[in-house]
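input-v2.tsv (TSV, C-alpha atoms) appears below.
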chain	number	residue	atom	x	y	z
A	1	MET	CA	24.56	187.21	129.94
A	2	PRO	CA	27.51	185.63	131.73
A	3	PHE	CA	29.91	188.08	130.14
A	4	ALA	CA	28.20	190.89	131.99
A	5	ARG	CA	30.05	189.51	135.02
A	6	LEU	CA	33.32	190.24	133.26
A	7	ALA	CA	32.17	193.65	132.08
A	8	ALA	CA	31.43	194.60	135.68
A	9	ALA	CA	34.89	193.55	136.89
A	10	THR	CA	37.41	196.26	137.71
A	11	THR	CA	40.59	194.27	138.38
A	12	PRO	CA	43.59	195.03	136.13
A	13	THR	CA	43.35	191.53	134.66
A	14	CYS	CA	39.60	191.55	133.96
A	15	HIS	CA	40.21	191.54	130.20
A	16	ILE	CA	42.60	188.58	130.30
A	17	GLY	CA	41.33	185.00	130.07
A	18	LEU	CA	43.13	181.67	130.29
A	19	GLY	CA	42.92	179.27	127.34
A	20	LEU	CA	43.73	175.61	127.95
A	21	ALA	CA	44.76	174.53	124.44
A	22	ALA	CA	48.42	174.14	125.41
A	23	VAL	CA	47.94	172.09	128.59
A	24	GLY	CA	44.90	169.88	128.00
A	25	ARG	CA	46.82	167.45	125.75
A	26	PRO	CA	50.46	166.36	125.34
A	27	GLY	CA	50.92	167.66	121.78
A	28	TYR	CA	50.34	171.14	120.37
A	29	ILE	CA	51.92	173.51	117.85
A	30	ASN	CA	53.27	176.22	120.17
A	31	LEU	CA	56.98	177.01	119.80
A	32	GLY	CA	59.13	176.20	122.82
A	33	ARG	CA	56.79	173.49	124.01
A	34	ASP	CA	59.56	171.01	124.82
A	35	GLU	CA	61.12	173.50	127.23
A	36	ASP	CA	57.74	174.41	128.71
A	37	LEU	CA	56.44	170.92	129.44
A	38	GLY	CA	59.50	168.70	129.63
A	39	GLN	CA	59.32	164.95	129.17
A	40	ASP	CA	56.46	164.07	131.52
A	41	ARG	CA	53.29	164.56	129.48
A	42	SER	CA	51.20	162.06	131.46
A	43	VAL	CA	47.54	162.75	132.16
A	44	GLU	CA	48.26	163.42	135.83
A	45	ALA	CA	51.23	165.68	135.05
A	46	LEU	CA	49.10	167.86	132.77
A	47	ARG	CA	46.17	167.76	135.18
A	48	THR	CA	48.46	169.10	137.91
A	49	ARG	CA	49.92	171.73	135.58
A	50	THR	CA	46.44	172.85	134.49
A	51	HIS	CA	45.30	173.16	138.09
A	52	GLU	CA	48.40	175.19	139.00
A	53	LEU	CA	47.66	177.56	136.13
A	54	LEU	CA	44.00	177.88	137.11
A	55	ASP	CA	45.00	178.54	140.73
A	56	ALA	CA	47.43	181.26	139.70
A	57	ALA	CA	45.05	182.82	137.18
A	58	TYR	CA	42.15	182.96	139.62
A	59	ALA	CA	44.36	184.41	142.36
A	60	GLN	CA	45.43	187.16	139.95
A	61	GLY	CA	41.87	188.12	139.02
A	62	VAL	CA	41.37	186.14	135.79
A	63	ARG	CA	37.72	185.16	135.50
A	64	TYR	CA	37.32	183.62	132.03
A	65	PHE	CA	38.53	180.07	131.32
A	66	ASP	CA	38.41	178.61	127.81
A	67	ALA	CA	38.44	174.92	126.86
A	68	ALA	CA	37.30	172.74	123.93
A	69	ARG	CA	36.31	169.18	123.21
A	70	SER	CA	39.43	168.82	121.04
A	71	TYR	CA	41.83	170.10	123.70
A	72	GLY	CA	42.41	166.59	125.00
A	73	ARG	CA	41.20	166.47	128.61
A	74	SER	CA	40.91	170.22	129.12
A	75	GLU	CA	37.22	170.08	130.05
A	76	GLU	CA	37.90	167.26	132.49
A	77	PHE	CA	40.79	169.13	134.11
A	78	LEU	CA	38.73	172.30	134.35
A	79	ALA	CA	35.74	170.44	135.78
A	80	ASP	CA	37.96	168.85	138.43
A	81	TRP	CA	39.30	172.27	139.40
A	82	LEU	CA	35.84	173.84	139.55
A	83	GLY	CA	34.64	170.98	141.74
A	84	ALA	CA	37.51	171.54	144.14
A	85	HIS	CA	36.88	175.32	144.25
A	86	PRO	CA	33.19	175.96	144.92
A	87	GLU	CA	34.13	179.49	145.97
A	88	ALA	CA	35.06	180.23	142.34
A	89	ASP	CA	31.43	180.84	141.43
A	90	ASP	CA	32.25	184.09	139.62
A	91	VAL	CA	34.20	182.57	136.74
A	92	VAL	CA	32.84	182.40	133.22
A	93	VAL	CA	33.44	179.03	131.57
A	94	GLY	CA	33.59	178.60	127.82
A	95	SER	CA	34.13	175.53	125.68
A	96	LYS	CA	33.88	174.60	122.00
A	97	TRP	CA	32.49	171.83	119.86
A	98	GLY	CA	33.16	170.87	116.25
A	99	TYR	CA	36.54	169.16	116.49
A	100	THR	CA	37.06	165.67	117.91
A	101	TYR	CA	40.37	164.88	119.62
A	102	THR	CA	41.89	161.84	117.89
A	103	ALA	CA	45.53	161.73	119.04
A	104	GLY	CA	45.02	159.17	121.80
A	105	TRP	CA	47.29	161.13	124.17
A	106	SER	CA	50.18	160.96	121.71
A	107	THR	CA	52.40	163.73	120.36
A	108	ASP	CA	53.07	161.99	117.05
A	109	ALA	CA	49.61	160.91	115.93
A	110	GLU	CA	48.90	161.13	112.21
A	111	ARG	CA	45.85	163.33	112.98
A	112	HIS	CA	45.33	165.16	116.24
A	113	GLU	CA	41.77	166.35	115.63
A	114	VAL	CA	38.97	165.91	113.11
A	115	LYS	CA	36.61	168.75	112.18
A	116	ASP	CA	32.87	168.20	111.76
A	117	HIS	CA	30.29	170.96	112.18
A	118	SER	CA	27.23	168.74	111.72
A	119	LEU	CA	24.20	168.69	113.99
A	120	ALA	CA	25.05	165.10	114.96
A	121	THR	CA	28.48	166.19	116.19
A	122	TYR	CA	26.95	169.04	118.15
A	123	GLU	CA	24.52	166.69	119.87
A	124	ARG	CA	27.25	164.18	120.72
A	125	GLN	CA	29.78	166.70	121.94
A	126	ARG	CA	27.22	168.77	123.85
A	127	ALA	CA	26.34	165.63	125.83
A	128	GLU	CA	30.04	164.99	126.47
A	129	THR	CA	30.61	168.56	127.62
A	130	ASP	CA	27.51	168.53	129.82
A	131	ALA	CA	28.67	165.31	131.49
A	132	LEU	CA	31.83	167.13	132.60
A	133	LEU	CA	30.90	170.77	133.08
A	134	GLY	CA	27.13	170.57	133.61
A	135	ASP	CA	25.58	173.86	134.63
A	136	ARG	CA	29.00	175.49	135.01
A	137	LEU	CA	29.17	175.85	131.22
A	138	ASP	CA	28.36	179.46	130.30
A	139	LEU	CA	29.48	179.66	126.67
A	140	TYR	CA	29.49	177.01	123.93
A	141	GLN	CA	31.23	177.97	120.71
A	142	ILE	CA	31.38	176.41	117.25
A	143	HIS	CA	35.08	175.66	116.85
A	144	SER	CA	36.93	177.33	113.95
A	145	VAL	CA	34.21	178.46	111.59
A	146	THR	CA	35.37	179.25	108.07
A	147	PRO	CA	33.29	180.81	105.27
A	148	ASP	CA	32.51	177.37	103.82
A	149	SER	CA	31.45	175.85	107.14
A	150	PRO	CA	28.03	174.14	107.02
A	151	ALA	CA	27.43	175.59	110.48
A	152	LEU	CA	26.68	178.91	108.80
A	153	THR	CA	23.78	177.53	106.74
A	154	ASP	CA	22.41	174.52	108.69
A	155	LYS	CA	18.96	175.68	109.81
A	156	ASP	CA	18.38	172.59	111.94
A	157	LEU	CA	21.61	173.25	113.80
A	158	HIS	CA	20.66	176.90	114.24
A	159	ALA	CA	17.33	175.87	115.74
A	160	ARG	CA	19.04	173.57	118.26
A	161	LEU	CA	21.54	176.27	119.20
A	162	ALA	CA	18.69	178.75	119.64
A	163	GLU	CA	16.97	176.28	121.96
A	164	ALA	CA	20.14	176.08	124.05
A	165	ALA	CA	20.32	179.86	124.12
A	166	ALA	CA	16.70	180.08	125.27
A	167	GLN	CA	17.64	177.80	128.16
A	168	GLY	CA	20.39	180.17	129.27
A	169	LEU	CA	23.51	179.02	127.41
A	170	THR	CA	25.44	181.69	125.52
A	171	VAL	CA	26.08	180.58	121.94
A	172	GLY	CA	29.18	181.74	120.10
A	173	PHE	CA	31.69	180.78	117.42
A	174	SER	CA	35.40	180.90	116.83
A	175	THR	CA	37.21	181.45	113.54
A	176	SER	CA	40.49	180.50	111.91
A	177	GLY	CA	42.20	180.81	108.56
A	178	PRO	CA	42.99	183.69	106.19
A	179	ALA	CA	39.30	184.49	105.59
A	180	GLN	CA	38.34	185.09	109.22
A	181	ALA	CA	36.72	188.42	108.38
A	182	ASP	CA	34.40	186.76	105.85
A	183	ALA	CA	33.43	184.09	108.38
A	184	ILE	CA	32.71	186.69	111.06
A	185	ARG	CA	30.48	188.74	108.78
A	186	ALA	CA	28.63	185.64	107.58
A	187	ALA	CA	28.01	184.56	111.17
A	188	LEU	CA	26.73	188.01	112.11
A	189	ALA	CA	24.00	187.53	109.49
A	190	VAL	CA	22.74	184.25	111.00
A	191	THR	CA	19.37	184.72	112.69
A	192	VAL	CA	16.68	182.50	114.18
A	193	ASP	CA	13.15	183.93	114.25
A	194	GLY	CA	14.59	187.31	113.35
A	195	GLU	CA	17.07	187.39	116.25
A	196	PRO	CA	20.88	187.12	115.94
A	197	LEU	CA	22.04	183.65	116.98
A	198	PHE	CA	25.58	184.34	118.12
A	199	ARG	CA	26.53	186.44	121.14
A	200	THR	CA	30.33	185.95	121.11
A	201	VAL	CA	33.11	185.59	118.56
A	202	GLN	CA	36.60	184.24	119.24
A	203	SER	CA	39.22	184.95	116.59
A	204	THR	CA	42.95	184.88	116.01
A	205	TYR	CA	44.29	188.41	116.20
A	206	ASN	CA	47.86	189.47	116.89
A	207	ALA	CA	50.59	191.78	115.64
A	208	LEU	CA	51.41	189.34	112.84
A	209	GLU	CA	47.81	188.58	111.82
A	210	ALA	CA	45.54	191.59	112.25
A	211	SER	CA	43.28	191.11	109.22
A	212	ALA	CA	40.17	190.28	111.26
A	213	GLY	CA	40.29	193.59	113.12
A	214	PRO	CA	37.64	195.54	111.16
A	215	ALA	CA	35.21	192.59	111.24
A	216	LEU	CA	35.76	192.14	114.97
A	217	ALA	CA	34.99	195.83	115.47
A	218	GLU	CA	31.74	195.28	113.54
A	219	ALA	CA	30.91	192.30	115.75
A	220	HIS	CA	31.54	194.38	118.86
A	221	ASN	CA	29.32	197.15	117.52
A	222	ALA	CA	26.61	194.54	116.88
A	223	GLY	CA	26.68	193.62	120.57
A	224	LEU	CA	28.89	190.53	120.54
A	225	THR	CA	31.62	189.94	123.10
A	226	VAL	CA	34.93	189.60	121.26
A	227	ILE	CA	37.43	187.05	122.55
A	228	VAL	CA	40.93	187.15	121.07
A	229	LYS	CA	42.90	183.92	120.76
A	230	GLU	CA	46.47	183.23	119.68
A	231	GLY	CA	47.62	186.68	120.69
A	232	MET	CA	51.15	185.28	120.91
A	233	ALA	CA	50.94	183.72	117.42
A	234	ASN	CA	51.68	180.25	118.81
A	235	GLY	CA	54.90	181.50	120.39
A	236	ARG	CA	56.19	183.49	117.43
A	237	LEU	CA	55.83	186.68	119.49
A	238	ALA	CA	57.43	185.25	122.63
A	239	GLY	CA	60.89	186.42	123.68
A	240	PRO	CA	63.20	183.92	121.93
A	241	HIS	CA	61.27	184.03	118.66
A	242	ALA	CA	60.02	187.63	118.65
A	243	PRO	CA	60.74	190.02	115.77
A	244	GLU	CA	63.40	192.64	116.45
A	245	ALA	CA	60.87	195.49	116.46
A	246	LEU	CA	58.91	193.80	119.23
A	247	LYS	CA	62.07	193.11	121.22
A	248	ALA	CA	63.05	196.77	120.94
A	249	VAL	CA	59.68	197.99	122.21
A	250	ALA	CA	59.79	195.45	125.03
A	251	ASP	CA	63.24	196.67	126.05
A	252	ALA	CA	62.00	200.25	126.08
A	253	THR	CA	59.03	199.40	128.29
A	254	GLY	CA	60.93	197.09	130.62
A	255	MET	CA	58.34	194.37	130.02
A	256	GLY	CA	58.48	191.02	128.26
A	257	CYS	CA	57.73	190.61	124.58
A	258	ASP	CA	54.65	188.60	125.52
A	259	ALA	CA	53.20	191.35	127.71
A	260	VAL	CA	53.83	193.94	124.98
A	261	ALA	CA	52.22	191.74	122.31
A	262	LEU	CA	49.11	191.29	124.45
A	263	ALA	CA	49.07	195.00	125.40
A	264	TRP	CA	48.98	195.88	121.70
A	265	ILE	CA	45.75	193.85	121.44
A	266	LEU	CA	44.26	195.29	124.63
A	267	ARG	CA	44.46	198.76	123.07
A	268	ARG	CA	41.64	197.74	120.71
A	269	PRO	CA	38.36	199.07	122.13
A	270	TRP	CA	36.50	196.03	120.81
A	271	ALA	CA	38.69	193.45	122.56
A	272	GLY	CA	36.52	192.11	125.37
A	273	VAL	CA	38.72	189.22	126.50
A	274	VAL	CA	42.27	188.44	125.37
A	275	LEU	CA	43.35	184.87	126.06
A	276	SER	CA	46.64	183.86	127.60
A	277	GLY	CA	47.71	180.48	126.29
A	278	ALA	CA	50.39	180.09	128.95
A	279	ALA	CA	51.78	176.62	129.62
A	280	THR	CA	53.68	177.60	132.78
A	281	VAL	CA	52.88	179.81	135.75
A	282	PRO	CA	55.82	182.18	135.02
A	283	GLN	CA	54.50	182.62	131.48
A	284	LEU	CA	51.05	183.40	132.86
A	285	VAL	CA	52.41	185.92	135.36
A	286	SER	CA	54.35	187.63	132.59
A	287	ASN	CA	51.26	187.69	130.34
A	288	LEU	CA	49.26	189.30	133.13
A	289	HIS	CA	51.60	192.30	133.08
A	290	ALA	CA	50.02	193.30	129.76
A	291	PRO	CA	47.45	195.72	131.22
A	292	ALA	CA	50.29	197.65	132.85
A	293	VAL	CA	52.22	198.15	129.60
A	294	ASP	CA	51.96	201.78	128.45
A	295	LEU	CA	52.61	201.95	124.72
A	296	ASP	CA	53.01	205.35	123.06
A	297	GLU	CA	51.91	206.11	119.52
A	298	ASP	CA	55.36	205.58	118.06
A	299	GLN	CA	55.66	202.17	119.69
A	300	LEU	CA	52.19	201.18	118.51
A	301	ALA	CA	53.10	202.23	114.98
A	302	ARG	CA	56.29	200.17	115.08
A	303	LEU	CA	54.31	197.11	116.15
A	304	ASP	CA	51.75	197.77	113.40
A	305	THR	CA	54.50	197.20	110.82
A	306	LEU	CA	54.82	193.53	111.85
A	307	ALA	CA	51.60	192.45	110.12
A	308	GLU	CA	52.02	189.71	107.53
A	309	ASP	CA	49.88	188.76	104.58
A	310	PRO	CA	47.10	186.60	106.09
A	311	ARG	CA	47.63	183.73	103.67
A	312	ALA	CA	51.36	183.68	104.39
A	313	TYR	CA	50.67	183.77	108.12
A	314	TRP	CA	48.24	180.85	108.03
A	315	GLU	CA	50.50	178.87	105.72
A	316	ARG	CA	53.33	179.30	108.23
A	317	ARG	CA	51.02	178.31	111.08
A	318	GLY	CA	49.95	175.21	109.20
A	319	GLU	CA	53.59	174.15	108.93
A	320	LEU	CA	54.23	174.30	112.70
A	321	PRO	CA	54.83	170.78	114.00
A	322	TRP	CA	52.82	169.15	116.79
A	323	HIS	CA	55.31	168.51	119.57
Rewritten as structure tokens:
Amino acid sequence: MPFARLAAATTPTCHIGLGLAAVGRPGYINLGRDEDLGQDRSVEALRTRTHELLDAAYAQGVRYFDAARSYGRSEEFLADWLGAHPEADDVVVGSKWGYTYTAGWSTDAERHEVKDHSLATYERQRAETDALLGDRLDLYQIHSVTPDSPALTDKDLHARLAEAAAQGLTVGFSTSGPAQADAIRAALAVTVDGEPLFRTVQSTYNALEASAGPALAEAHNAGLTVIVKEGMANGRLAGPHAPEALKAVADATGMGCDAVALAWILRRPWAGVVLSGAATVPQLVSNLHAPAVDLDEDQLARLDTLAEDPRAYWERRGELPWH
């Protein structure tokens, strides 16, 4: 499996990955985005920014890069970077299908993405991803599975995914919403010819939304690689917006709120890869301090108190504007 390459790594940042959701398209829901990106959101400006982030991440030992069909041109930007860096043959590349980007490179589109977990969408988007990433694609994930997703019950889709897995592609899924734990457990039960279909799970998990933790531990125990997304809660755990308890712990450690928030996740034994969603190189560098943050039991307990009701958390997330 490609993730064995990450498991064998010994660099301090081996458990940090770089997600491209914030830089593959001009609009996203992260707080502070106007300050991060400025006015120039052109294709070439974001291509350059993405390449700078990939350069910095690779130089600092990051070896997992995460894109998606719905992240604007993230796959294209990543493919360009990979083509320019043939020496980077040790990275693990993941992408996702199931959402179609519909914003037309605008920040004020009525709809930015459309969800469809059908076999037809898989076939179309797999061809689109292959045209860009080709044999550099290691992991293909169903994007944002929920308990009612047809991807959990579509036997024809499962058969096609199993064929891809037999040809060497790792098949995974991501989750979102207040019922992530239910979606994870349902996906763990999906088999083809008696064998589990999915080898990775990517879920939202952070100090504000920790409800998926027990299910992610079960997935890890079942042999799946766990990838954590939205560890910064779309910027709600970053310095200017962070809760007072997080700011106090950060002050005590001498690290940024972002590094502390990611360190809290890294303490979970099931967390295989924790994604940085940085939009700037300074943000990335600060995120990469997370493995060096030493949290004591009292500090961990204080951060544990930040957890919100999952439905309230996802309702708040759903109200964040695209900007």
Inset, instruction - Compare A:Thr153, A:Gln299, A:Asn221, A:Ser144 by their minimum atom-to-atom distance to A:Ser203, counting only C-alpha atoms, and give me the closest one. - result: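 Closest residue, counting only C-alpha atoms: A:Ser144.
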Using only C-alpha atoms, find each residue in stretch 229-287 of chain A having at least one atom no more than 10 Å away from stretch 16-26 of chain A; report its shortest atom-to-atom pair and that distance in Å (one decimal), rows by chain then rising number, as JSON lines.
{"residue": "A:Lys229", "atom": "CA", "partner": "A:Gly19", "partner_atom": "CA", "distance": 8.1}
{"residue": "A:Glu230", "atom": "CA", "partner": "A:Gly19", "partner_atom": "CA", "distance": 9.3}
{"residue": "A:Asn234", "atom": "CA", "partner": "A:Ala22", "partner_atom": "CA", "distance": 9.6}
{"residue": "A:Leu262", "atom": "CA", "partner": "A:Ile16", "partner_atom": "CA", "distance": 9.2}
{"residue": "A:Leu266", "atom": "CA", "partner": "A:Ile16", "partner_atom": "CA", "distance": 8.9}
{"residue": "A:Ala271", "atom": "CA", "partner": "A:Ile16", "partner_atom": "CA", "distance": 9.9}
{"residue": "A:Gly272", "atom": "CA", "partner": "A:Ile16", "partner_atom": "CA", "distance": 8.6}
{"residue": "A:Val273", "atom": "CA", "partner": "A:Ile16", "partner_atom": "CA", "distance": 5.5}
{"residue": "A:Val274", "atom": "CA", "partner": "A:Ile16", "partner_atom": "CA", "distance": 4.9}
{"residue": "A:Leu275", "atom": "CA", "partner": "A:Gly17", "partner_atom": "CA", "distance": 4.5}
{"residue": "A:Ser276", "atom": "CA", "partner": "A:Leu18", "partner_atom": "CA", "distance": 4.9}
{"residue": "A:Gly277", "atom": "CA", "partner": "A:Gly19", "partner_atom": "CA", "distance": 5.1}
{"residue": "A:Ala278", "atom": "CA", "partner": "A:Ala22", "partner_atom": "CA", "distance": 7.2}
{"residue": "A:Ala279", "atom": "CA", "partner": "A:Ala22", "partner_atom": "CA", "distance": 5.9}
{"residue": "A:Thr280", "atom": "CA", "partner": "A:Val23", "partner_atom": "CA", "distance": 9.0}
{"residue": "A:Leu284", "atom": "CA", "partner": "A:Leu18", "partner_atom": "CA", "distance": 8.5}
{"residue": "A:Asn287", "atom": "CA", "partner": "A:Ile16", "partner_atom": "CA", "distance": 8.7}
Inset, instruction - Provide the atom CA of A:Thr10 to atom CA of A:Ala292 distance in Å, to one decimal place. - result: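 Computed distance, atom CA of A:Thr10 to atom CA of A:Ala292, equals 13.8 Å.
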Inset, instruction - For atom CA of A:Thr253 and atom CA of A:Leu300, quote the distance in Å rounded to one decimal. - result: 12.1 Å
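With all atoms listed in the file as the basis for measurement, A:Arg136 is the residue among A:Arg136, A:Thr11, A:Leu152, A:Val226 that approaches A:Pro86 most closely.
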Inset, instruction - Name all residues at most 9 Å from A:Cys14 (count only C-alpha atoms; drop same-chain ones fewer than 5 positions away) and give them as a PyMOL selection string. - result: chain A and resi 6-9+61-64+273
File of the preceding selection, C-alpha atoms, as a compact mmCIF listing (two decimals), keeping the file's coordinate frame:
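The new file selection_27.txt reads:
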# COMPACT_ATOMS: atom_id res chain seq x y z
CA LEU A 6 33.32 190.24 133.26
CA ALA A 7 32.17 193.65 132.08
CA ALA A 8 31.43 194.60 135.68
CA ALA A 9 34.89 193.55 136.89
CA GLY A 61 41.87 188.12 139.02
CA VAL A 62 41.37 186.14 135.79
CA ARG A 63 37.72 185.16 135.50
CA TYR A 64 37.32 183.62 132.03
CA VAL A 273 38.72 189.22 126.50
Legend entry - Minimum-distance residue to A:Asp66, chosen among A:Ala127, A:Met232, A:Ala259, A:Leu54 (using all atoms listed in the file): A:Leu54
Inset, instruction - List the neighbours of A:His143 out to 9 Å using all atoms listed in the file; skip same-chain residues closer than 4 positions along the sequence, and give me the result as a list in words. - result: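 Counting all atoms listed in the file, the residues come to Ala68, Ser95, Lys96, Trp97, Gly98, Tyr99, Lys115, His117, Phe173, Ser174, Thr175 and Ser176 of chain A.
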Inset, instruction - Name the closest residue to A:Pro147 among the candidates A:Val260, A:Ala181, A:Val171, A:Ala159; distances are taken between atoms, counting all atoms listed in the file. - result: A:Ala181
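Closest approach to A:Arg73 from the set A:Leu132, A:Leu119, A:Ala109, A:Ala307 is made by A:Leu132, with distances taken over only C-alpha atoms.
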Inset, instruction - Would you mind listing what lies within 10 Å of A:Pro310 as a list in words, with all atoms listed in the file counted and same-chain residues fewer than 2 positions away left out? - result: Gly177, Pro178, Ala179, Gln180, Leu208, Glu209, Ala210, Ser211, Ala212, Ala307, Glu308, Ala312, Tyr313, Trp314, Glu315 and Arg316 of chain A
Inset, instruction - Would you please work out which residue, of A:Leu161, A:Ala166, A:Val145, A:Ala222, is nearest to A:Asp182 when using all atoms listed in the file? - result: A:Val145
Inset, instruction - Please work out which residues fall within 8 Å of (27.3, 177.8, 131.2), coordinates as given in the file, with all atoms listed in the file counting, and return them as a list of chain:residue names. - result: A:Pro2, A:Val92, A:Val93, A:Gly94, A:Gly134, A:Asp135, A:Arg136, A:Leu137, A:Asp138, A:Leu139, A:Tyr140, A:Gly168, A:Leu169, A:Thr170
Atoms kept (C-alpha atoms) for selection, written as a short mmCIF file (atom, residue, chain, number, x, y, z; two decimals), in the frame of the given file:
data_model
loop_
_atom_site.label_atom_id
_atom_site.label_comp_id
_atom_site.auth_asym_id
_atom_site.auth_seq_id
_atom_site.Cartn_x
_atom_site.Cartn_y
_atom_site.Cartn_z
CA PRO A 2 27.51 185.63 131.73
CA VAL A 92 32.84 182.40 133.22
CA VAL A 93 33.44 179.03 131.57
CA GLY A 94 33.59 178.60 127.82
CA GLY A 134 27.13 170.57 133.61
CA ASP A 135 25.58 173.86 134.63
CA ARG A 136 29.00 175.49 135.01
CA LEU A 137 29.17 175.85 131.22
CA ASP A 138 28.36 179.46 130.30
CA LEU A 139 29.48 179.66 126.67
CA TYR A 140 29.49 177.01 123.93
CA GLY A 168 20.39 180.17 129.27
CA LEU A 169 23.51 179.02 127.41
CA THR A 170 25.44 181.69 125.52
#
Inset, instruction - Find the distance between atom CA of A:Trp270 and atom CA of A:Val91 and write it in Å to one decimal. - result: 21.0 Å
Inset, instruction - Considering all atoms listed in the file, return as a PyMOL selection string whatever protein or nucleic-acid residues lie within 9 Å of A:Arg47, sequence-local ones (same chain, fewer than 3 positions apart) excluded. - result: chain A and resi 23-24+42-44+50-52+73-74+76-78+80
Legend entry - Shell around A:Val281 at 9 Å using all atoms listed in the file, local window under 5 positions removed, as an MDAnalysis selection string: chainID A and resid 49 52:53 56:57 286
